[in-house]
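Source file run31.cif; content: mmCIF, C-alpha atoms and all ligand atoms.
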```cif
data_target
loop_
_atom_site.label_atom_id
_atom_site.label_comp_id
_atom_site.auth_asym_id
_atom_site.auth_seq_id
_atom_site.Cartn_x
_atom_site.Cartn_y
_atom_site.Cartn_z
CA MET A 1 6.20 -50.49 20.57
CA PRO A 2 9.43 -49.16 22.13
CA ARG A 3 9.87 -45.50 21.14
CA LEU A 4 12.44 -42.84 21.96
CA HIS A 5 11.88 -39.15 21.17
CA LEU A 6 14.84 -37.14 19.93
CA ALA A 7 13.26 -33.95 21.30
CA GLN A 8 13.89 -35.22 24.84
CA PHE A 9 17.63 -34.92 24.16
CA THR A 10 17.91 -31.79 22.02
CA GLY A 11 17.77 -28.26 23.28
CA PRO A 12 15.24 -25.71 21.97
CA THR A 13 17.32 -25.38 18.78
CA GLY A 14 16.66 -29.02 17.90
CA GLN A 15 20.42 -29.52 17.62
CA LEU A 16 22.31 -32.38 19.24
CA SER A 17 25.53 -31.27 20.89
CA THR A 18 28.46 -33.68 21.16
CA GLU A 19 27.49 -34.22 24.78
CA THR A 20 23.82 -34.98 24.08
CA THR A 21 24.76 -37.17 21.11
CA ARG A 22 26.82 -39.27 23.52
CA LYS A 23 24.00 -39.43 26.03
CA LEU A 24 21.46 -40.47 23.41
CA ALA A 25 23.88 -43.05 21.97
CA ALA A 26 24.30 -44.58 25.42
CA GLU A 27 20.49 -44.74 25.80
CA LEU A 28 20.22 -46.47 22.45
CA VAL A 29 22.82 -49.08 23.39
CA THR A 30 21.00 -49.77 26.67
CA ALA A 31 17.67 -50.12 24.86
CA LEU A 32 19.11 -52.39 22.16
CA ARG A 33 20.65 -54.66 24.79
CA THR A 34 17.25 -55.07 26.43
CA PRO A 35 14.35 -57.14 25.01
CA PRO A 36 12.83 -56.75 22.47
CA HIS A 37 16.22 -55.43 21.16
CA TRP A 38 14.70 -52.89 18.75
CA LEU A 39 13.09 -49.46 18.96
CA VAL A 40 11.76 -46.56 16.94
CA LEU A 41 13.55 -43.23 17.23
CA VAL A 42 11.13 -40.35 16.55
CA THR A 43 12.97 -37.30 15.19
CA ASP A 44 10.02 -35.06 14.13
CA GLN A 45 12.36 -33.84 11.36
CA GLN A 46 10.89 -32.99 7.94
CA PRO A 47 12.85 -33.96 5.99
CA ILE A 48 14.87 -36.29 8.16
CA ASP A 49 18.45 -35.14 8.84
CA LEU A 50 20.40 -38.14 7.52
CA ASP A 51 23.79 -36.74 8.50
CA GLY A 52 22.45 -36.40 12.03
CA VAL A 53 21.31 -40.05 11.99
CA ILE A 54 24.73 -41.18 10.73
CA ASN A 55 26.48 -39.11 13.37
CA LEU A 56 24.33 -40.66 16.06
CA LEU A 57 24.87 -44.21 14.78
CA ALA A 58 28.61 -43.52 14.67
CA ALA A 59 28.44 -42.57 18.33
CA VAL A 60 26.58 -45.82 19.06
CA GLY A 61 29.25 -47.76 17.17
CA GLN A 62 32.18 -46.14 18.84
CA PRO A 63 31.60 -43.75 21.71
CA GLN A 64 35.09 -42.24 21.32
CA ALA A 65 34.70 -41.69 17.59
CA ILE A 66 33.01 -38.31 17.55
CA ALA A 67 35.73 -36.87 19.74
CA GLU A 68 38.55 -38.41 17.74
CA GLY A 69 37.01 -37.95 14.32
CA GLU A 70 37.52 -41.61 13.53
CA LEU A 71 34.15 -42.83 12.41
CA PRO A 72 33.24 -46.53 12.30
CA ARG A 73 32.30 -47.89 8.87
CA ILE A 74 28.61 -47.41 8.23
CA SER A 75 27.06 -48.81 5.08
CA THR A 76 24.31 -46.55 3.70
CA THR A 77 21.80 -47.57 1.03
CA GLN A 78 18.57 -46.12 -0.34
CA ILE A 79 15.67 -48.56 -0.26
CA ARG A 80 13.07 -47.74 -2.91
CA VAL A 81 11.32 -49.63 -5.69
CA ASP A 82 13.89 -49.79 -8.48
CA THR A 83 13.00 -52.12 -11.33
CA GLN A 84 16.52 -52.14 -12.78
CA GLN A 85 18.17 -53.14 -9.53
CA ALA A 86 15.36 -55.57 -8.72
CA ALA A 87 16.04 -57.40 -12.00
CA ARG A 88 19.71 -58.02 -11.22
CA HIS A 89 20.25 -61.71 -10.87
CA GLY A 90 22.27 -63.39 -8.21
CA LYS A 91 22.19 -60.86 -5.42
CA VAL A 92 19.72 -61.58 -2.67
CA THR A 93 19.68 -57.88 -1.73
CA ARG A 94 17.81 -57.18 -4.97
CA TYR A 95 14.59 -58.24 -3.20
CA SER A 96 14.76 -55.01 -1.19
CA ARG A 97 14.24 -53.06 -4.43
CA THR A 98 11.09 -54.90 -5.47
CA PRO A 99 7.64 -53.76 -4.29
CA ASP A 100 7.17 -57.22 -2.77
CA ALA A 101 6.74 -58.19 0.84
CA LEU A 102 9.99 -59.26 2.49
CA PRO A 103 9.61 -62.23 4.81
CA LEU A 104 11.19 -62.03 8.27
CA HIS A 105 14.96 -62.17 7.87
CA THR A 106 18.45 -61.25 9.09
CA ASP A 107 20.45 -58.77 6.99
CA CYS A 108 23.77 -60.10 5.63
CA SER A 109 22.90 -63.64 6.75
CA ASN A 110 25.66 -64.94 4.46
CA LYS A 111 28.40 -63.09 6.37
CA ALA A 112 30.50 -64.89 8.99
CA LEU A 113 29.43 -62.17 11.42
CA PRO A 114 26.41 -60.16 10.21
CA PRO A 115 26.50 -56.50 11.35
CA ASN A 116 24.68 -56.30 14.64
CA LEU A 117 23.15 -52.88 14.10
CA VAL A 118 20.69 -52.28 11.26
CA ALA A 119 18.58 -49.12 11.03
CA PHE A 120 16.03 -47.81 8.54
CA ALA A 121 15.25 -44.11 8.39
CA MET A 122 11.91 -43.34 6.76
CA GLU A 123 12.06 -40.34 4.46
CA ARG A 124 8.83 -40.89 2.49
CA PRO A 125 6.26 -43.51 3.55
CA ASP A 126 4.03 -45.23 1.00
CA PRO A 127 0.94 -42.95 0.71
CA GLN A 128 -1.27 -46.02 0.29
CA GLY A 129 -0.08 -47.58 3.53
CA GLY A 130 2.04 -50.33 1.94
CA GLY A 131 5.52 -51.30 3.08
CA GLU A 132 4.69 -51.68 6.76
CA SER A 133 7.53 -52.85 8.97
CA VAL A 134 7.42 -56.20 10.78
CA MET A 135 9.72 -57.13 13.67
CA LEU A 136 10.12 -60.36 15.64
CA SER A 137 12.73 -60.83 18.32
CA ALA A 138 14.47 -64.20 18.48
CA ALA A 139 13.66 -64.49 22.20
CA ASP A 140 9.93 -64.14 21.42
CA LEU A 141 10.10 -66.58 18.52
CA VAL A 142 11.91 -69.19 20.57
CA HIS A 143 9.04 -69.16 23.09
CA ASP A 144 6.79 -70.74 20.46
CA LEU A 145 9.15 -73.42 19.17
CA PRO A 146 9.13 -77.03 20.41
CA ALA A 147 12.35 -78.33 22.00
CA ASP A 148 13.18 -80.77 19.20
CA LEU A 149 12.96 -78.03 16.57
CA LEU A 150 15.10 -75.71 18.75
CA SER A 151 17.85 -78.30 18.97
CA ARG A 152 17.82 -78.89 15.22
CA LEU A 153 18.01 -75.13 14.55
CA ARG A 154 21.09 -74.97 16.79
CA GLN A 155 23.06 -77.33 14.56
CA PRO A 156 25.46 -75.82 11.97
CA ILE A 157 23.74 -77.56 9.05
CA PHE A 158 22.13 -74.65 7.21
CA PRO A 159 23.89 -73.37 4.06
CA PHE A 160 23.92 -69.56 3.73
CA THR A 161 26.62 -69.61 1.07
CA ALA A 162 27.70 -72.48 -1.17
CA LYS A 163 30.62 -73.12 1.18
CA LYS A 164 29.48 -72.16 4.66
CA ARG A 165 26.91 -73.73 6.96
CA TYR A 166 25.73 -72.04 10.11
CA PRO A 167 23.26 -72.70 12.91
CA ILE A 168 20.06 -70.63 12.75
CA LEU A 169 19.94 -70.22 16.53
CA GLN A 170 22.78 -69.61 18.97
CA GLY A 171 22.92 -68.78 22.68
CA GLU A 172 20.40 -69.35 25.44
CA GLY A 173 17.46 -67.49 26.99
CA ASP A 174 17.46 -63.74 26.41
CA GLU A 175 20.92 -64.09 24.89
CA VAL A 176 19.55 -66.10 21.98
CA GLN A 177 20.81 -64.99 18.57
CA ILE A 178 19.34 -65.75 15.16
CA ARG A 179 20.54 -65.90 11.57
CA TYR A 180 17.87 -66.57 8.95
CA TYR A 181 16.87 -65.58 5.43
CA ARG A 182 15.04 -68.15 3.34
CA GLN A 183 16.08 -66.44 0.07
CA GLN A 184 19.75 -66.56 1.10
CA ILE A 185 19.51 -70.31 1.72
CA ASN A 186 17.74 -70.73 -1.65
CA SER A 187 20.53 -68.77 -3.29
CA ALA A 188 23.17 -71.04 -1.68
CA LEU A 189 21.24 -74.10 -2.85
CA SER A 190 21.25 -72.81 -6.41
CA GLN A 191 25.08 -72.84 -6.27
CA GLN A 192 25.69 -76.54 -5.94
CA CYS A 193 25.28 -77.23 -2.31
CA THR A 194 22.76 -79.52 -0.71
CA LEU A 195 20.36 -79.43 2.18
CA SER A 196 19.97 -82.55 4.32
CA ASP A 197 16.44 -83.86 4.80
CA GLU A 198 16.74 -82.96 8.46
CA ALA A 199 17.72 -79.37 7.70
CA GLN A 200 14.97 -79.07 5.08
CA ALA A 201 12.35 -80.33 7.53
CA ALA A 202 13.58 -77.91 10.21
CA ILE A 203 13.36 -74.93 7.84
CA ASP A 204 9.88 -75.92 6.68
CA GLU A 205 8.71 -76.16 10.27
CA LEU A 206 10.37 -72.84 11.19
CA GLU A 207 8.63 -71.20 8.22
CA ARG A 208 5.27 -72.35 9.53
CA TYR A 209 5.98 -70.80 12.94
CA LEU A 210 7.21 -67.54 11.37
CA ALA A 211 4.14 -67.28 9.16
CA ARG A 212 1.72 -67.55 12.05
CA SER A 213 3.71 -65.96 14.85
CA GLN A 214 1.44 -63.89 17.09
CA ARG A 215 4.49 -62.25 18.59
CA SER A 216 5.68 -60.29 15.56
CA VAL A 217 4.96 -56.55 15.65
CA ARG A 218 3.71 -54.78 12.51
CA PHE A 219 3.57 -51.00 12.20
CA ALA A 220 3.62 -48.17 9.66
CA MET A 221 6.69 -45.96 10.00
CA GLN A 222 6.09 -42.23 9.69
CA ALA A 223 8.38 -39.76 7.91
CA GLY A 224 11.23 -38.81 10.23
CA GLU A 225 11.17 -42.08 12.18
CA VAL A 226 14.13 -44.47 12.40
CA VAL A 227 13.73 -48.11 13.35
CA ILE A 228 16.92 -49.41 14.96
CA MET A 229 17.50 -53.09 15.70
CA ASP A 230 20.04 -55.63 16.86
CA ASN A 231 20.24 -57.61 13.62
CA ARG A 232 21.49 -60.71 15.44
CA ARG A 233 18.61 -60.78 17.91
CA VAL A 234 15.67 -59.57 15.83
CA LEU A 235 14.24 -60.63 12.46
CA HIS A 236 12.68 -57.91 10.30
CA GLY A 237 10.52 -57.79 7.21
CA ARG A 238 7.98 -55.61 5.45
CA SER A 239 4.62 -55.86 3.74
CA ALA A 240 4.16 -55.37 0.00
CA MET A 241 3.50 -52.05 -1.71
CA ALA A 242 2.31 -50.90 -5.13
CA ALA A 243 4.76 -51.25 -8.01
CA ASN A 244 4.87 -47.44 -8.42
CA SER A 245 5.15 -46.67 -4.70
CA PRO A 246 7.29 -43.58 -3.98
CA ARG A 247 8.28 -45.00 -0.54
CA LEU A 248 11.88 -44.04 0.31
CA MET A 249 13.92 -45.38 3.21
CA HIS A 250 17.61 -45.22 4.05
CA ARG A 251 19.27 -48.32 5.39
CA PHE A 252 22.31 -48.19 7.68
CA ARG A 253 24.42 -51.11 8.84
CA LEU A 254 27.35 -51.22 11.20
CA SER A 255 29.01 -53.40 13.81
CA VAL A 256 28.68 -52.17 17.35
CA PRO A 257 31.06 -53.80 19.84
CA ALA A 258 28.88 -52.70 22.77
CA LEU A 259 26.03 -54.94 21.55
CA SER A 260 28.13 -58.07 21.25
CA THR A 261 29.04 -58.91 24.82
CA GLY A 262 28.30 -62.47 25.74
CA GLU A 263 29.27 -63.55 22.26
CA ALA A 264 31.85 -66.23 21.59
O1 LIG A 301 11.84 -52.03 3.09
C1 LIG A 301 11.91 -52.36 4.26
O2 LIG A 301 11.12 -51.97 5.13
C2 LIG A 301 12.96 -53.32 4.73
C3 LIG A 301 14.00 -53.60 3.68
C4 LIG A 301 14.98 -54.61 4.17
O3 LIG A 301 14.73 -55.41 5.03
C5 LIG A 301 16.33 -54.59 3.63
O4 LIG A 301 16.59 -53.85 2.68
O5 LIG A 301 17.18 -55.31 4.16
FE FE A 302 16.56 -56.45 5.65
#
```

So, in terms of structure tokens, how does the structure I just supplied come out?
Amino acid sequence: MPRLHLAQFTGPTGQLSTETTRKLAAELVTALRTPPHWLVLVTDQQPIDLDGVINLLAAVGQPQAIAEGELPRISTTQIRVDTQQAARHGKVTRYSRTPDALPLHTDCSNKALPPNLVAFAMERPDPQGGGESVMLSAADLVHDLPADLLSRLRQPIFPFTAKKRYPILQGEGDEVQIRYYRQQINSALSQQCTLSDEAQAAIDELERYLARSQRSVRFAMQAGEVVIMDNRRVLHGRSAMAANSPRLMHRFRLSVPALSTGEA
């Protein structure tokens, strides 16, 4: 599993100066542009310094920002079991607040351009070992898929909103990008749009490959760790946890121009 230790960048005080923040941000961009396009940042902080994480992600998003004080927009959300939020109908994001497993997916798969950087900072892991993280890069997945399925997944026939259809796969080789969330497609289908037989068959076949992929990586995040991924090149998910699990994560999303080169 690709790991980066914050301590290698901080001085003895454990503080990140503006200069070292920039250096670490550049390392992160380089790592995220390289297969498998995700990594775990180990902070050793107890509790994790969320402002520090946001500051670092801002530097990844916009290297000039910390100097100019103009921070890129970063969406920040707590991920914990929340029965009230989980019961809200309509929104696919409510699944995050259940104790259920989340199948491999792209965040914001209904957006024209999903944010390319998604990060989860673990504040409090599940003491019973539930809620393990699962990652699968699109490049690894594509290795397993037969050519006829690949070409069907590249067609813009998959509804992610009632009005918009997108391809699931885009780009070639290591540049391959993915957009997929079965629940998002189900949600679109519940709003009066249809799925062709061809698209349905392609999704069913993709699901079978996802379910048995030997290439996905599953691991338990420790307190103080941050998993950072290119959300357009990596699918992520998690295992189930107990209904009363105290697990607490913080989710961050932003668009990082430096990750999007080679994109149309
Ligand atoms: O709980 C997790 O580990 C992941 C949650 C997730 O994928 C999400 O909220 O988008
Ligand atoms: Fe997600």

Select, from A:Glu172, A:Gly131, A:Ile185, A:Thr34, the residue with the minimum atom-to-atom distance to A:Ile157, counting all atoms listed in the file.
->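 Going through A:Glu172, A:Gly131, A:Ile185, A:Thr34 one by one, the smallest distance to A:Ile157 is for A:Ile185.
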
Protein and nucleic acid residues within 10 Å of ligand FE 302 (chain A) (only C-alpha atoms and all ligand atoms) as a PyMOL selection string = chain A and resi 79+93+95-96+102-109+118-120+181+231+235-238+251

Measuring atom to atom with all atoms listed in the file, identify which of A:Pro47, A:Pro167, A:Gly52, A:Pro35 is nearest to A:Thr10.
->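 Using all atoms listed in the file, A:Thr10 sits closest to A:Gly52.
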
Residue among A:Leu189, A:Ala202, A:Leu24, A:Ile54 lying closest to A:Asp148, counting all atoms listed in the file =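 Ranked by minimum distance to A:Asp148, first place goes to A:Ala202.
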
In terms of the shortest atom-to-atom distance over all atoms listed in the file, which of A:Ala147, A:Leu153, A:Ala25, A:Val227 is closest to A:Leu41?
->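 Checking each of A:Ala147, A:Leu153, A:Ala25, A:Val227 against A:Leu41, counting all atoms listed in the file, the winner is A:Val227.
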
Atom CA of A:Ser196 to atom CA of A:Gln170: how many Å, to one decimal?
->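 Those two atoms sit 19.7 Å apart.
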
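Distances here use only C-alpha atoms and all ligand atoms; by that measure, the residue among A:Leu39, A:Val53, A:Ala220, A:Ala199 closest to ligand LIG 301 (chain A) is A:Ala220.
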
Spatial neighbours of A:Gln214, max dist 10 Å, all atoms listed in the file, sep filter under 3 positions, as a short mmCIF file (atom, residue, chain, number, x, y, z; two decimals) with C-alpha atoms, in the frame of the given file:
```cif
data_model
loop_
_atom_site.label_atom_id
_atom_site.label_comp_id
_atom_site.auth_asym_id
_atom_site.auth_seq_id
_atom_site.Cartn_x
_atom_site.Cartn_y
_atom_site.Cartn_z
CA LEU A 136 10.12 -60.36 15.64
CA ASP A 140 9.93 -64.14 21.42
CA LEU A 141 10.10 -66.58 18.52
CA ASP A 144 6.79 -70.74 20.46
CA TYR A 209 5.98 -70.80 12.94
CA LEU A 210 7.21 -67.54 11.37
CA ALA A 211 4.14 -67.28 9.16
CA VAL A 217 4.96 -56.55 15.65
#
```

Residue neighbourhood A:Leu6, 9 Å, all atoms listed in the file, exclusion window fewer than 5 positions, as a ChimeraX atom specification | /A:14,16,24,41-44

What is the atom CA of A:Lys164-atom CA of A:Asn110 distance in Å, reported with one decimal?
->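 Calculated distance between atom CA of A:Lys164 and atom CA of A:Asn110 is 8.2 Å.
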
Of the residues A:Arg182, A:Arg208, A:Arg215, A:Lys111, which is the one nearest to A:Tyr166, using all atoms listed in the file?
->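 With all atoms listed in the file as the atom set, the closest residue is A:Lys111.
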
Excluding A:Gln78 and any residue of its chain fewer than 5 positions from it, enumerate the residues within 9 Å of it, using all atoms listed in the file, and give them as a PyMOL selection string.
-> chain A and resi 248-251
